[in-house]
file input10.txt (compact mmCIF, N, CA, C and O atoms)
# COMPACT_ATOMS: atom_id res chain seq x y z
N MET A 298 -4.56 20.01 0.76
CA MET A 298 -4.52 19.08 -0.33
C MET A 298 -4.28 17.68 0.22
O MET A 298 -3.40 17.45 1.04
N SER A 299 -5.06 16.73 -0.22
CA SER A 299 -4.94 15.35 0.21
C SER A 299 -3.71 14.69 -0.42
O SER A 299 -3.41 14.89 -1.58
N LYS A 300 -2.99 13.94 0.40
CA LYS A 300 -1.82 13.21 -0.07
C LYS A 300 -2.07 11.72 0.09
O LYS A 300 -2.44 11.27 1.17
N LYS A 301 -1.88 10.96 -0.97
CA LYS A 301 -1.94 9.51 -0.92
C LYS A 301 -0.73 8.99 -1.67
O LYS A 301 -0.62 9.15 -2.87
N VAL A 302 0.19 8.40 -0.90
CA VAL A 302 1.44 7.94 -1.48
C VAL A 302 1.64 6.49 -1.09
O VAL A 302 1.52 6.13 0.08
N ILE A 303 1.93 5.64 -2.07
CA ILE A 303 2.23 4.24 -1.81
C ILE A 303 3.69 4.01 -2.19
O ILE A 303 4.09 4.27 -3.32
N ILE A 304 4.47 3.54 -1.22
CA ILE A 304 5.86 3.19 -1.45
C ILE A 304 5.93 1.67 -1.41
O ILE A 304 5.56 1.05 -0.42
N ASP A 305 6.39 1.08 -2.48
CA ASP A 305 6.46 -0.37 -2.54
C ASP A 305 7.83 -0.80 -2.98
O ASP A 305 8.53 -0.05 -3.67
N GLY A 306 8.25 -1.96 -2.58
CA GLY A 306 9.53 -2.50 -2.99
C GLY A 306 9.94 -3.64 -2.10
O GLY A 306 9.29 -3.95 -1.11
N CYS A 307 11.04 -4.26 -2.45
CA CYS A 307 11.57 -5.39 -1.69
C CYS A 307 12.00 -4.95 -0.30
O CYS A 307 12.24 -3.77 -0.06
N ASP A 308 12.12 -5.92 0.59
CA ASP A 308 12.64 -5.64 1.92
C ASP A 308 14.03 -5.03 1.83
O ASP A 308 14.81 -5.35 0.93
N LEU A 309 14.31 -4.13 2.76
CA LEU A 309 15.63 -3.51 2.92
C LEU A 309 16.06 -2.65 1.73
O LEU A 309 17.24 -2.50 1.45
N THR A 310 15.08 -2.05 1.05
CA THR A 310 15.42 -1.16 -0.07
C THR A 310 15.30 0.31 0.29
O THR A 310 15.55 1.16 -0.56
N GLY A 311 14.91 0.62 1.53
CA GLY A 311 14.85 2.01 1.97
C GLY A 311 13.45 2.61 1.97
O GLY A 311 13.33 3.85 2.02
N LYS A 312 12.42 1.80 1.92
CA LYS A 312 11.04 2.33 1.92
C LYS A 312 10.78 3.16 3.17
O LYS A 312 10.28 4.28 3.08
N THR A 313 11.10 2.62 4.32
CA THR A 313 10.83 3.32 5.58
C THR A 313 11.66 4.60 5.67
O THR A 313 11.16 5.64 6.12
N THR A 314 12.90 4.56 5.23
CA THR A 314 13.74 5.76 5.22
C THR A 314 13.11 6.84 4.35
O THR A 314 13.01 8.01 4.76
N LEU A 315 12.66 6.47 3.16
CA LEU A 315 12.01 7.43 2.27
C LEU A 315 10.73 7.97 2.90
O LEU A 315 10.48 9.18 2.86
N ILE A 316 9.94 7.10 3.50
CA ILE A 316 8.69 7.54 4.13
C ILE A 316 8.97 8.54 5.24
O ILE A 316 8.30 9.57 5.35
N ASN A 317 9.95 8.26 6.07
CA ASN A 317 10.29 9.19 7.16
C ASN A 317 10.74 10.54 6.61
O ASN A 317 10.41 11.58 7.18
N LYS A 318 11.47 10.54 5.51
CA LYS A 318 11.89 11.80 4.90
C LYS A 318 10.68 12.56 4.33
O LYS A 318 10.62 13.79 4.44
N LEU A 319 9.75 11.84 3.73
CA LEU A 319 8.54 12.49 3.20
C LEU A 319 7.69 13.07 4.33
O LEU A 319 7.16 14.19 4.21
N ILE A 320 7.55 12.34 5.41
CA ILE A 320 6.77 12.84 6.56
C ILE A 320 7.42 14.11 7.11
O ILE A 320 6.73 15.10 7.40
N ALA A 321 8.74 14.11 7.23
CA ALA A 321 9.44 15.31 7.71
C ALA A 321 9.29 16.45 6.72
O ALA A 321 9.08 17.61 7.11
N TYR A 322 9.38 16.16 5.43
CA TYR A 322 9.25 17.18 4.39
C TYR A 322 7.87 17.84 4.42
O TYR A 322 7.76 19.06 4.40
N TYR A 323 6.82 17.02 4.46
CA TYR A 323 5.46 17.57 4.45
C TYR A 323 5.09 18.22 5.78
O TYR A 323 4.27 19.12 5.82
N ASN A 324 5.67 17.74 6.89
CA ASN A 324 5.41 18.32 8.20
C ASN A 324 3.92 18.57 8.42
O ASN A 324 3.50 19.66 8.81
N ASP A 325 3.11 17.56 8.16
CA ASP A 325 1.65 17.65 8.24
C ASP A 325 1.16 16.71 9.33
O ASP A 325 1.28 15.49 9.20
N PRO A 326 0.59 17.23 10.43
CA PRO A 326 0.14 16.36 11.52
C PRO A 326 -1.00 15.43 11.12
O PRO A 326 -1.25 14.43 11.80
N ASP A 327 -1.68 15.73 10.03
CA ASP A 327 -2.77 14.87 9.56
C ASP A 327 -2.28 13.74 8.66
O ASP A 327 -3.07 12.88 8.25
N LEU A 328 -0.99 13.73 8.34
CA LEU A 328 -0.43 12.71 7.46
C LEU A 328 -0.14 11.45 8.26
O LEU A 328 0.60 11.47 9.24
N SER A 329 -0.75 10.34 7.85
CA SER A 329 -0.57 9.06 8.55
C SER A 329 0.44 8.19 7.82
O SER A 329 0.52 8.21 6.59
N TYR A 330 1.14 7.38 8.58
CA TYR A 330 2.05 6.39 8.03
C TYR A 330 1.37 5.04 8.21
O TYR A 330 1.13 4.60 9.33
N LEU A 331 1.02 4.41 7.10
CA LEU A 331 0.40 3.08 7.15
C LEU A 331 1.46 2.04 6.83
O LEU A 331 2.05 2.06 5.75
N HIS A 332 1.71 1.17 7.77
CA HIS A 332 2.70 0.11 7.56
C HIS A 332 1.97 -1.23 7.49
O HIS A 332 1.24 -1.59 8.40
N PHE A 333 2.17 -1.94 6.39
CA PHE A 333 1.53 -3.24 6.22
C PHE A 333 2.59 -4.33 6.29
O PHE A 333 3.73 -4.13 5.87
N SER A 334 2.19 -5.47 6.81
CA SER A 334 3.10 -6.62 6.87
C SER A 334 2.36 -7.85 6.36
O SER A 334 1.17 -7.80 6.04
N TYR A 335 3.07 -8.95 6.30
CA TYR A 335 2.48 -10.19 5.81
C TYR A 335 1.33 -10.67 6.71
O TYR A 335 0.53 -11.50 6.30
N ARG A 336 1.22 -10.14 7.91
CA ARG A 336 0.14 -10.54 8.82
C ARG A 336 -1.18 -9.84 8.52
O ARG A 336 -2.22 -10.27 8.98
N ASP A 337 -1.13 -8.75 7.77
CA ASP A 337 -2.34 -7.99 7.48
C ASP A 337 -3.17 -8.68 6.40
O ASP A 337 -2.66 -9.47 5.61
N ARG A 338 -4.44 -8.34 6.39
CA ARG A 338 -5.31 -8.84 5.33
C ARG A 338 -4.79 -8.34 3.99
O ARG A 338 -4.22 -7.26 3.90
N THR A 339 -5.04 -9.12 2.96
CA THR A 339 -4.60 -8.73 1.62
C THR A 339 -5.69 -9.01 0.61
O THR A 339 -5.43 -9.51 -0.48
N ASP A 340 -6.92 -8.66 0.98
CA ASP A 340 -8.03 -8.88 0.06
C ASP A 340 -8.54 -7.54 -0.47
O ASP A 340 -8.16 -6.47 0.01
N TYR A 341 -9.39 -7.62 -1.45
CA TYR A 341 -9.89 -6.42 -2.12
C TYR A 341 -10.54 -5.44 -1.13
O TYR A 341 -10.26 -4.24 -1.17
N ASP A 342 -11.42 -5.93 -0.27
CA ASP A 342 -12.13 -5.03 0.66
C ASP A 342 -11.17 -4.28 1.58
O ASP A 342 -11.35 -3.10 1.84
N PHE A 343 -10.15 -4.96 2.05
CA PHE A 343 -9.15 -4.32 2.91
C PHE A 343 -8.44 -3.19 2.16
O PHE A 343 -8.37 -2.05 2.63
N TYR A 344 -7.89 -3.50 0.99
CA TYR A 344 -7.17 -2.49 0.23
C TYR A 344 -8.08 -1.34 -0.20
O TYR A 344 -7.68 -0.18 -0.16
N ASN A 345 -9.29 -1.66 -0.61
CA ASN A 345 -10.23 -0.63 -1.03
C ASN A 345 -10.54 0.32 0.11
O ASN A 345 -10.56 1.55 -0.07
N THR A 346 -10.76 -0.22 1.30
CA THR A 346 -11.03 0.61 2.48
C THR A 346 -9.84 1.49 2.81
O THR A 346 -9.99 2.67 3.14
N MET A 347 -8.63 0.94 2.72
CA MET A 347 -7.43 1.73 3.01
C MET A 347 -7.28 2.90 2.03
O MET A 347 -6.86 3.98 2.42
N LEU A 348 -7.67 2.69 0.78
CA LEU A 348 -7.57 3.77 -0.21
C LEU A 348 -8.60 4.87 0.02
O LEU A 348 -8.49 5.95 -0.55
N ASP A 349 -9.61 4.61 0.85
CA ASP A 349 -10.60 5.65 1.19
C ASP A 349 -10.03 6.66 2.18
O ASP A 349 -10.55 7.75 2.34
N LYS A 350 -8.95 6.29 2.86
CA LYS A 350 -8.33 7.19 3.83
C LYS A 350 -7.74 8.40 3.11
O LYS A 350 -7.40 8.34 1.95
N GLU A 351 -7.63 9.48 3.82
CA GLU A 351 -7.02 10.70 3.31
C GLU A 351 -5.66 10.88 3.97
O GLU A 351 -5.45 10.48 5.11
N ASN A 352 -4.76 11.50 3.27
CA ASN A 352 -3.46 11.89 3.83
C ASN A 352 -2.69 10.73 4.44
O ASN A 352 -2.56 10.61 5.65
N PHE A 353 -2.18 9.87 3.58
CA PHE A 353 -1.37 8.77 4.09
C PHE A 353 -0.19 8.49 3.17
O PHE A 353 -0.20 8.82 1.99
N ILE A 354 0.82 7.92 3.78
CA ILE A 354 1.93 7.33 3.06
C ILE A 354 1.95 5.88 3.49
O ILE A 354 1.97 5.57 4.68
N SER A 355 1.92 4.98 2.54
CA SER A 355 1.79 3.57 2.83
C SER A 355 3.06 2.81 2.48
O SER A 355 3.62 2.96 1.40
N ASP A 356 3.50 2.01 3.43
CA ASP A 356 4.62 1.09 3.22
C ASP A 356 4.02 -0.23 2.77
O ASP A 356 3.54 -1.01 3.58
N ARG A 357 3.99 -0.41 1.47
CA ARG A 357 3.37 -1.55 0.79
C ARG A 357 1.87 -1.33 0.64
O ARG A 357 1.28 -0.56 1.36
N HIS A 358 1.32 -2.05 -0.31
CA HIS A 358 -0.12 -1.96 -0.54
C HIS A 358 -0.51 -3.03 -1.55
O HIS A 358 0.21 -4.03 -1.70
N PHE A 359 -1.57 -2.82 -2.28
CA PHE A 359 -2.11 -3.84 -3.17
C PHE A 359 -1.18 -4.23 -4.31
O PHE A 359 -1.28 -5.32 -4.88
N ILE A 360 -0.22 -3.38 -4.63
CA ILE A 360 0.71 -3.65 -5.73
C ILE A 360 1.50 -4.94 -5.46
O ILE A 360 1.88 -5.66 -6.38
N ASP A 361 1.69 -5.25 -4.18
CA ASP A 361 2.38 -6.49 -3.82
C ASP A 361 1.71 -7.73 -4.40
O ASP A 361 2.37 -8.75 -4.60
N GLU A 362 0.43 -7.65 -4.63
CA GLU A 362 -0.31 -8.82 -5.11
C GLU A 362 0.02 -9.18 -6.56
O GLU A 362 -0.43 -10.20 -7.05
N ILE A 363 0.81 -8.38 -7.23
CA ILE A 363 1.33 -8.76 -8.55
C ILE A 363 2.58 -9.62 -8.37
O ILE A 363 2.80 -10.60 -9.07
N ILE A 364 3.39 -9.26 -7.39
CA ILE A 364 4.72 -9.83 -7.25
C ILE A 364 4.78 -11.03 -6.30
O ILE A 364 5.29 -12.09 -6.65
N TYR A 365 4.28 -10.86 -5.08
CA TYR A 365 4.52 -11.86 -4.05
C TYR A 365 3.87 -13.23 -4.29
O TYR A 365 4.45 -14.24 -3.90
N PRO A 366 2.72 -13.32 -4.94
CA PRO A 366 2.22 -14.67 -5.25
C PRO A 366 3.20 -15.47 -6.12
O PRO A 366 3.36 -16.68 -5.93
N LEU A 367 3.89 -14.79 -7.02
CA LEU A 367 4.87 -15.47 -7.87
C LEU A 367 6.11 -15.87 -7.07
O LEU A 367 6.63 -16.97 -7.21
N ILE A 368 6.58 -14.97 -6.22
CA ILE A 368 7.79 -15.23 -5.44
C ILE A 368 7.57 -16.34 -4.42
O ILE A 368 8.41 -17.22 -4.25
N PHE A 369 6.42 -16.28 -3.74
CA PHE A 369 6.15 -17.24 -2.66
C PHE A 369 5.28 -18.41 -3.11
O PHE A 369 4.82 -19.19 -2.27
N ASN A 370 5.06 -18.52 -4.41
CA ASN A 370 4.30 -19.62 -4.98
C ASN A 370 2.96 -19.82 -4.25
O ASN A 370 2.67 -20.89 -3.72
N ARG A 371 2.20 -18.74 -4.18
CA ARG A 371 0.90 -18.79 -3.53
C ARG A 371 -0.15 -18.19 -4.45
O ARG A 371 0.17 -17.47 -5.40
N LYS A 372 -1.40 -18.46 -4.15
CA LYS A 372 -2.51 -17.91 -4.92
C LYS A 372 -2.60 -16.41 -4.66
O LYS A 372 -2.45 -15.96 -3.52
N ALA A 373 -2.83 -15.64 -5.70
CA ALA A 373 -3.02 -14.19 -5.54
C ALA A 373 -4.33 -13.92 -4.79
O ALA A 373 -5.32 -14.63 -4.97
N ASN A 374 -4.32 -12.89 -3.96
CA ASN A 374 -5.51 -12.52 -3.20
C ASN A 374 -6.38 -11.51 -3.93
O ASN A 374 -7.43 -11.13 -3.43
N LEU A 375 -5.93 -11.05 -5.10
CA LEU A 375 -6.72 -10.14 -5.93
C LEU A 375 -6.79 -10.72 -7.33
O LEU A 375 -5.79 -11.21 -7.85
N ASN A 376 -7.96 -10.63 -7.93
CA ASN A 376 -8.04 -11.02 -9.34
C ASN A 376 -7.75 -9.78 -10.19
O ASN A 376 -7.61 -8.66 -9.67
N THR A 377 -7.66 -9.95 -11.47
CA THR A 377 -7.28 -8.86 -12.37
C THR A 377 -8.27 -7.71 -12.28
O THR A 377 -7.88 -6.54 -12.24
N THR A 378 -9.56 -8.01 -12.23
CA THR A 378 -10.59 -6.96 -12.15
C THR A 378 -10.43 -6.14 -10.88
O THR A 378 -10.49 -4.90 -10.91
N GLU A 379 -10.22 -6.81 -9.76
CA GLU A 379 -10.04 -6.11 -8.48
C GLU A 379 -8.78 -5.24 -8.52
O GLU A 379 -8.81 -4.09 -8.06
N PHE A 380 -7.71 -5.79 -9.06
CA PHE A 380 -6.46 -5.02 -9.14
C PHE A 380 -6.66 -3.75 -9.96
O PHE A 380 -6.24 -2.67 -9.56
N VAL A 381 -7.32 -3.87 -11.10
CA VAL A 381 -7.55 -2.71 -11.98
C VAL A 381 -8.43 -1.68 -11.28
O VAL A 381 -8.19 -0.48 -11.37
N LYS A 382 -9.44 -2.13 -10.54
CA LYS A 382 -10.30 -1.19 -9.79
C LYS A 382 -9.49 -0.41 -8.78
O LYS A 382 -9.67 0.80 -8.62
N LEU A 383 -8.61 -1.09 -8.05
CA LEU A 383 -7.77 -0.41 -7.07
C LEU A 383 -6.80 0.56 -7.74
O LEU A 383 -6.60 1.68 -7.26
N LEU A 384 -6.24 0.14 -8.83
CA LEU A 384 -5.33 1.01 -9.58
C LEU A 384 -6.07 2.25 -10.08
O LEU A 384 -5.57 3.37 -9.96
N ASP A 385 -7.27 2.07 -10.60
CA ASP A 385 -8.08 3.22 -11.05
C ASP A 385 -8.41 4.15 -9.89
O ASP A 385 -8.42 5.37 -10.06
N LYS A 386 -8.65 3.58 -8.72
CA LYS A 386 -8.95 4.40 -7.55
C LYS A 386 -7.75 5.26 -7.16
O LYS A 386 -7.91 6.36 -6.66
N CYS A 387 -6.57 4.76 -7.42
CA CYS A 387 -5.35 5.55 -7.13
C CYS A 387 -5.22 6.73 -8.08
O CYS A 387 -4.64 7.75 -7.72
N ASN A 388 -5.71 6.57 -9.28
CA ASN A 388 -5.61 7.67 -10.24
C ASN A 388 -6.59 8.76 -9.89
O ASN A 388 -6.49 9.85 -10.19

call {"tool": "encode", "arguments": {"input": "input10.txt", "output": "structure tokens"}}
result
Amino acid sequence: MSKKVIIDGCDLTGKTTLINKLIAYYNDPDLSYLHFSYRDRTDYDFYNTMLDKENFISDRHFIDEIIYPLIFNRKANLNTTEFVKLLDKCN
């Protein structure tokens, strides 16, 4: 069974701790840990391609594009249509 899990939240809230516990729980060698940082691309094509992967747990993802543009007073890298497409792809 394919696993796609996105863990999102503020820094220092335990995302990595939770991810490590999930990886140990599933004990699946095909399960990847995807860690994203502010240095990574944050455009629609990048996020869409990442969602094509199978068996991953992601530390952050496209959901950040709702929050961080407001916090850091920057332009969002996803428009509403792109965000909804990515959200639908998760379902």

call {"tool": "select_by_dssp", "arguments": {"input": "input10.txt", "residues": "chain A", "states": "alpha helix (DSSP H)", "output": "PyMOL selection string"}}
result
chain A and resi 312-323+341-348+361-368+377-387

call {"tool": "write_last_selection", "arguments": {"input": "input10.txt", "atoms": "N, CA, C and O atoms", "output": "compact mmCIF listing (two decimals), keeping the file's coordinate frame"}}
result
# COMPACT_ATOMS: atom_id res chain seq x y z
N LYS A 312 12.42 1.80 1.92
CA LYS A 312 11.04 2.33 1.92
C LYS A 312 10.78 3.16 3.17
O LYS A 312 10.28 4.28 3.08
N THR A 313 11.10 2.62 4.32
CA THR A 313 10.83 3.32 5.58
C THR A 313 11.66 4.60 5.67
O THR A 313 11.16 5.64 6.12
N THR A 314 12.90 4.56 5.23
CA THR A 314 13.74 5.76 5.22
C THR A 314 13.11 6.84 4.35
O THR A 314 13.01 8.01 4.76
N LEU A 315 12.66 6.47 3.16
CA LEU A 315 12.01 7.43 2.27
C LEU A 315 10.73 7.97 2.90
O LEU A 315 10.48 9.18 2.86
N ILE A 316 9.94 7.10 3.50
CA ILE A 316 8.69 7.54 4.13
C ILE A 316 8.97 8.54 5.24
O ILE A 316 8.30 9.57 5.35
N ASN A 317 9.95 8.26 6.07
CA ASN A 317 10.29 9.19 7.16
C ASN A 317 10.74 10.54 6.61
O ASN A 317 10.41 11.58 7.18
N LYS A 318 11.47 10.54 5.51
CA LYS A 318 11.89 11.80 4.90
C LYS A 318 10.68 12.56 4.33
O LYS A 318 10.62 13.79 4.44
N LEU A 319 9.75 11.84 3.73
CA LEU A 319 8.54 12.49 3.20
C LEU A 319 7.69 13.07 4.33
O LEU A 319 7.16 14.19 4.21
N ILE A 320 7.55 12.34 5.41
CA ILE A 320 6.77 12.84 6.56
C ILE A 320 7.42 14.11 7.11
O ILE A 320 6.73 15.10 7.40
N ALA A 321 8.74 14.11 7.23
CA ALA A 321 9.44 15.31 7.71
C ALA A 321 9.29 16.45 6.72
O ALA A 321 9.08 17.61 7.11
N TYR A 322 9.38 16.16 5.43
CA TYR A 322 9.25 17.18 4.39
C TYR A 322 7.87 17.84 4.42
O TYR A 322 7.76 19.06 4.40
N TYR A 323 6.82 17.02 4.46
CA TYR A 323 5.46 17.57 4.45
C TYR A 323 5.09 18.22 5.78
O TYR A 323 4.27 19.12 5.82
N TYR A 341 -9.39 -7.62 -1.45
CA TYR A 341 -9.89 -6.42 -2.12
C TYR A 341 -10.54 -5.44 -1.13
O TYR A 341 -10.26 -4.24 -1.17
N ASP A 342 -11.42 -5.93 -0.27
CA ASP A 342 -12.13 -5.03 0.66
C ASP A 342 -11.17 -4.28 1.58
O ASP A 342 -11.35 -3.10 1.84
N PHE A 343 -10.15 -4.96 2.05
CA PHE A 343 -9.15 -4.32 2.91
C PHE A 343 -8.44 -3.19 2.16
O PHE A 343 -8.37 -2.05 2.63
N TYR A 344 -7.89 -3.50 0.99
CA TYR A 344 -7.17 -2.49 0.23
C TYR A 344 -8.08 -1.34 -0.20
O TYR A 344 -7.68 -0.18 -0.16
N ASN A 345 -9.29 -1.66 -0.61
CA ASN A 345 -10.23 -0.63 -1.03
C ASN A 345 -10.54 0.32 0.11
O ASN A 345 -10.56 1.55 -0.07
N THR A 346 -10.76 -0.22 1.30
CA THR A 346 -11.03 0.61 2.48
C THR A 346 -9.84 1.49 2.81
O THR A 346 -9.99 2.67 3.14
N MET A 347 -8.63 0.94 2.72
CA MET A 347 -7.43 1.73 3.01
C MET A 347 -7.28 2.90 2.03
O MET A 347 -6.86 3.98 2.42
N LEU A 348 -7.67 2.69 0.78
CA LEU A 348 -7.57 3.77 -0.21
C LEU A 348 -8.60 4.87 0.02
O LEU A 348 -8.49 5.95 -0.55
N ASP A 361 1.69 -5.25 -4.18
CA ASP A 361 2.38 -6.49 -3.82
C ASP A 361 1.71 -7.73 -4.40
O ASP A 361 2.37 -8.75 -4.60
N GLU A 362 0.43 -7.65 -4.63
CA GLU A 362 -0.31 -8.82 -5.11
C GLU A 362 0.02 -9.18 -6.56
O GLU A 362 -0.43 -10.20 -7.05
N ILE A 363 0.81 -8.38 -7.23
CA ILE A 363 1.33 -8.76 -8.55
C ILE A 363 2.58 -9.62 -8.37
O ILE A 363 2.80 -10.60 -9.07
N ILE A 364 3.39 -9.26 -7.39
CA ILE A 364 4.72 -9.83 -7.25
C ILE A 364 4.78 -11.03 -6.30
O ILE A 364 5.29 -12.09 -6.65
N TYR A 365 4.28 -10.86 -5.08
CA TYR A 365 4.52 -11.86 -4.05
C TYR A 365 3.87 -13.23 -4.29
O TYR A 365 4.45 -14.24 -3.90
N PRO A 366 2.72 -13.32 -4.94
CA PRO A 366 2.22 -14.67 -5.25
C PRO A 366 3.20 -15.47 -6.12
O PRO A 366 3.36 -16.68 -5.93
N LEU A 367 3.89 -14.79 -7.02
CA LEU A 367 4.87 -15.47 -7.87
C LEU A 367 6.11 -15.87 -7.07
O LEU A 367 6.63 -16.97 -7.21
N ILE A 368 6.58 -14.97 -6.22
CA ILE A 368 7.79 -15.23 -5.44
C ILE A 368 7.57 -16.34 -4.42
O ILE A 368 8.41 -17.22 -4.25
N THR A 377 -7.66 -9.95 -11.47
CA THR A 377 -7.28 -8.86 -12.37
C THR A 377 -8.27 -7.71 -12.28
O THR A 377 -7.88 -6.54 -12.24
N THR A 378 -9.56 -8.01 -12.23
CA THR A 378 -10.59 -6.96 -12.15
C THR A 378 -10.43 -6.14 -10.88
O THR A 378 -10.49 -4.90 -10.91
N GLU A 379 -10.22 -6.81 -9.76
CA GLU A 379 -10.04 -6.11 -8.48
C GLU A 379 -8.78 -5.24 -8.52
O GLU A 379 -8.81 -4.09 -8.06
N PHE A 380 -7.71 -5.79 -9.06
CA PHE A 380 -6.46 -5.02 -9.14
C PHE A 380 -6.66 -3.75 -9.96
O PHE A 380 -6.24 -2.67 -9.56
N VAL A 381 -7.32 -3.87 -11.10
CA VAL A 381 -7.55 -2.71 -11.98
C VAL A 381 -8.43 -1.68 -11.28
O VAL A 381 -8.19 -0.48 -11.37
N LYS A 382 -9.44 -2.13 -10.54
CA LYS A 382 -10.30 -1.19 -9.79
C LYS A 382 -9.49 -0.41 -8.78
O LYS A 382 -9.67 0.80 -8.62
N LEU A 383 -8.61 -1.09 -8.05
CA LEU A 383 -7.77 -0.41 -7.07
C LEU A 383 -6.80 0.56 -7.74
O LEU A 383 -6.60 1.68 -7.26
N LEU A 384 -6.24 0.14 -8.83
CA LEU A 384 -5.33 1.01 -9.58
C LEU A 384 -6.07 2.25 -10.08
O LEU A 384 -5.57 3.37 -9.96
N ASP A 385 -7.27 2.07 -10.60
CA ASP A 385 -8.08 3.22 -11.05
C ASP A 385 -8.41 4.15 -9.89
O ASP A 385 -8.42 5.37 -10.06
N LYS A 386 -8.65 3.58 -8.72
CA LYS A 386 -8.95 4.40 -7.55
C LYS A 386 -7.75 5.26 -7.16
O LYS A 386 -7.91 6.36 -6.66
N CYS A 387 -6.57 4.76 -7.42
CA CYS A 387 -5.35 5.55 -7.13
C CYS A 387 -5.22 6.73 -8.08
O CYS A 387 -4.64 7.75 -7.72

call {"tool": "atom_distance", "arguments": {"input": "input10.txt", "atom1": "atom O of A:Asn376", "atom2": "atom N of A:Val302"}}
result
20.7 Å

call {"tool": "closest_residue", "arguments": {"input": "input10.txt", "among": "A:Ile304, A:Leu315, A:Ala321, A:Leu328", "to": "A:Phe359", "atoms": "only C-alpha atoms"}}
result
A:Ile304

call {"tool": "closest_atom_pairs", "arguments": {"input": "input10.txt", "of": "stretch 331-386 of chain A", "to": "stretch 323-326 of chain A", "cutoff": "12 Å", "atoms": "only C-alpha atoms", "output": "tab-separated table"}}
result
residue	atom	partner	partner_atom	distance
A:Asn352	CA	A:Asp325	CA	8.9
A:Phe353	CA	A:Asp325	CA	10.3
A:Ile354	CA	A:Tyr323	CA	10.9

call {"tool": "closest_residue", "arguments": {"input": "input10.txt", "among": "A:Asn370, A:Thr378, A:Asn388, A:Ser355", "to": "A:Ile303", "atoms": "all atoms listed in the file"}}
result
A:Ser355

call {"tool": "axis_aligned_box", "arguments": {"input": "input10.txt", "around": "stretch 308-322 of chain A", "padding_each_side": "5 Å", "output": "lines of an AutoDock Vina configuration file"}}
result
center_x = 12.0
center_y = 6.6
center_z = 3.6
size_x = 20.5
size_y = 35.0
size_z = 18.3

call {"tool": "select_by_dssp", "arguments": {"input": "input10.txt", "residues": "stretch 343-385 of chain A", "states": "strand (DSSP E or B)", "output": "list in words"}}
result
Phe353, Ile354, Ser355 and Asp356 of chain A

call {"tool": "atom_distance", "arguments": {"input": "input10.txt", "atom1": "atom C of A:Lys350", "atom2": "atom C of A:Val381"}}
result
17.6 Å

call {"tool": "closest_residue", "arguments": {"input": "input10.txt", "among": "A:Ser334, A:Thr377, A:Asn317, A:Met347", "to": "A:Lys301", "atoms": "only C-alpha atoms"}}
result
A:Met347
